[in-house]
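Here the structure is laid out as structure tokens; the discussion comes afterwards.
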Amino acid sequence: MDVKYFEEIAARVRVDIVKAVYHAGSGHPGGSLSAADILTALYFHEMNIDPKRPDMPDRDRFVLSKGHAAPAQYAVMAERGYFPVEDMMSLRKLGSRFQGHANMRKLPGIEMSTGSLGQGFSVSVGMALAAKMDGNGSRVYTLLGDGELQEGIVWEAAMSAAHYGLSNLCAVVDWNGLQIDGPNDKVMKVTPIDEKFRAFGWDTQVIDGHDFEAILYAFAKARLVIDKPSVIVARTHKGKGVSFMEDQAGWHGKAPDLEQAKKAVEELGGEW
């Protein structure tokens, strides 16, 4: 495993995110940047996918439950070869395939249109149950935001996943500690996240969500679980990689201006 290989891809992904949100003039850079490493590991190592055959029957599925982080998913998919990076620079433009929240009807490779928090997670449970019933060997992955855990629908779905023993389901919580209104602990406390999932019958791991060795090991370990769903609680930093965005709730849903975008791209090692 070449960690540097994944780090270089993730750096490009973050550059793509910044550029796309800048050109859109709106969007969610903070939570997209915090999720870049997790999504890079999924699309470039963990999942059984083929960009040339996005609808192959035995593919693994990924559902971005924190749908506002669509720029991160678009960027990873572009780097993986689903479409040219330049295409996603039409983010949030009228008629674009690259909407602020991904649309499964517009873009091959998107498994579910998400945005209403908690619903993507619930759909992933349904997908995993269907795959288990069909016996096709597909795995389902989903990414949640930590603020998303404030939705009651999340815990109804978590209860169902454990009840049906969905060992083919792996959830990741992007635990950056911040949401649009500020720190989770002040808005509505969600911790201890791992203990709550464990109480609902899930196998749980807590990792550094920016450490590729830890991320890839956690996915490998989750594959060994045979009787229950798995959750990886990934400790991350909102706005990761950009000094003036890191750990700042104000960058949850705000686009950088030209000067800020250029500075961010430079810090990420990219070219404008």
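Chain identifiers are assigned as A, B, and so on, following the order in which chains appear in the structure tokens; residues are numbered from 1 within each chain, and ligands are numbered from 1 in order of appearance.
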Would you kindly return, as a PDB file with C-alpha atoms, in the first residue's frame, each protein, DNA or RNA residue with an atom no farther than 12 Å from any atom of Asp211 of chain A, considering only C-alpha atoms and excluding same-chain residues fewer than 3 positions away?
ATOM      1  CA  VAL A   3       0.034   5.943   1.167  1.00  0.00           C
ATOM      2  CA  LYS A   4       1.642   8.708  -0.859  1.00  0.00           C
ATOM      3  CA  PHE A   6      -3.625   8.171  -2.075  1.00  0.00           C
ATOM      4  CA  GLU A   7      -2.438  11.436  -0.522  1.00  0.00           C
ATOM      5  CA  ALA A  10      -6.740  13.453  -2.262  1.00  0.00           C
ATOM      6  CA  SER A  34     -13.072  16.985   5.431  1.00  0.00           C
ATOM      7  CA  ALA A  35     -14.444  13.978   3.527  1.00  0.00           C
ATOM      8  CA  ALA A  36     -11.891  13.947   0.691  1.00  0.00           C
ATOM      9  CA  ASP A  37      -9.591  11.293   2.175  1.00  0.00           C
ATOM     10  CA  ILE A  38     -12.425   8.920   3.031  1.00  0.00           C
ATOM     11  CA  THR A  40     -10.517   8.770  -2.086  1.00  0.00           C
ATOM     12  CA  ALA A  41      -9.968   5.525  -0.187  1.00  0.00           C
ATOM     13  CA  VAL A 206     -12.946   5.142  15.675  1.00  0.00           C
ATOM     14  CA  ILE A 207     -10.089   6.361  13.488  1.00  0.00           C
ATOM     15  CA  ASP A 208      -8.214   9.398  12.217  1.00  0.00           C
ATOM     16  CA  ALA A 214      -5.997   3.866   9.358  1.00  0.00           C
ATOM     17  CA  ILE A 215      -8.777   4.371   6.804  1.00  0.00           C
ATOM     18  CA  LEU A 216      -7.816   1.426   4.608  1.00  0.00           C
ATOM     19  CA  TYR A 217      -7.249  -0.842   7.602  1.00  0.00           C
ATOM     20  CA  ALA A 218     -10.683   0.086   8.972  1.00  0.00           C
ATOM     21  CA  ALA A 234     -13.691   9.111  11.314  1.00  0.00           C
ATOM     22  CA  ARG A 235     -12.300  12.082  13.246  1.00  0.00           C
ATOM     23  CA  THR A 236     -11.705  14.828  10.682  1.00  0.00           C
ATOM     24  CA  HIS A 237     -11.162  18.560  10.302  1.00  0.00           C
TER      25      HIS A 237
END
Can you build me a table of segment 162-271 of chain A residues sitting at most 12 Å from segment 69-89 of chain A, with the closest atom pair per residue and its distance in Å to one decimal, using only C-alpha atoms, sorted by chain and residue number, as a tab-separated table?
residue	atom	partner	partner_atom	distance
A:Asp174	CA	A:Ala69	CA	10.7
A:Lys238	CA	A:Ala69	CA	11.4
A:Gly239	CA	A:Ala69	CA	11.6
A:His252	CA	A:Ala69	CA	9.6
A:Gly253	CA	A:Ala69	CA	9.7
A:Ala255	CA	A:Pro71	CA	11.8
Within 10 Å of Val140 of chain A using only C-alpha atoms, minus same-chain residues under 2 positions, as a PDB file with C-alpha atoms, in the first residue's frame:
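Written file, result-v3.pdb:
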ATOM      1  CA  MET A  47     -15.092  -0.381  -3.725  1.00  0.00           C
ATOM      2  CA  ARG A  59     -20.906  -3.256  -8.295  1.00  0.00           C
ATOM      3  CA  ASP A  60     -20.571  -1.913  -4.777  1.00  0.00           C
ATOM      4  CA  ARG A  61     -22.848   1.018  -4.006  1.00  0.00           C
ATOM      5  CA  PHE A  62     -21.989   4.335  -2.372  1.00  0.00           C
ATOM      6  CA  VAL A  63     -24.589   6.734  -0.994  1.00  0.00           C
ATOM      7  CA  SER A 124     -28.396   2.565   1.990  1.00  0.00           C
ATOM      8  CA  VAL A 125     -29.945   0.210   4.530  1.00  0.00           C
ATOM      9  CA  GLY A 126     -32.587  -0.724   1.969  1.00  0.00           C
ATOM     10  CA  MET A 127     -29.919  -1.271  -0.704  1.00  0.00           C
ATOM     11  CA  ALA A 128     -27.915  -3.514   1.612  1.00  0.00           C
ATOM     12  CA  LEU A 129     -30.998  -5.534   2.523  1.00  0.00           C
ATOM     13  CA  ALA A 131     -28.297  -7.065  -1.985  1.00  0.00           C
ATOM     14  CA  GLY A 137     -22.123 -10.104  -2.989  1.00  0.00           C
ATOM     15  CA  SER A 138     -22.359  -6.341  -3.390  1.00  0.00           C
ATOM     16  CA  THR A 142     -22.582   5.421   3.011  1.00  0.00           C
ATOM     17  CA  LEU A 166     -26.556  -6.323   7.293  1.00  0.00           C
ATOM     18  CA  SER A 167     -22.884  -7.206   7.357  1.00  0.00           C
ATOM     19  CA  ASN A 168     -22.621  -5.932   3.760  1.00  0.00           C
ATOM     20  CA  LEU A 169     -23.285  -2.373   4.971  1.00  0.00           C
ATOM     21  CA  CYS A 170     -20.462  -0.062   6.049  1.00  0.00           C
ATOM     22  CA  ALA A 171     -21.236   3.460   7.216  1.00  0.00           C
TER      23      ALA A 171
END
Residues near Glu259 of chain A, cut-off 12 Å, only C-alpha atoms, skip fewer than 6 positions along chain, as a list in words: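 Everything that qualifies: Val18, Lys19, Tyr22, Val265, Glu266 and Trp272 of chain A.
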Select, from A:Gly100, A:Gly182, A:Gly152, A:Gly241, the residue with the minimum atom-to-atom distance to Gly270 of chain A, counting only C-alpha atoms. A:Gly241
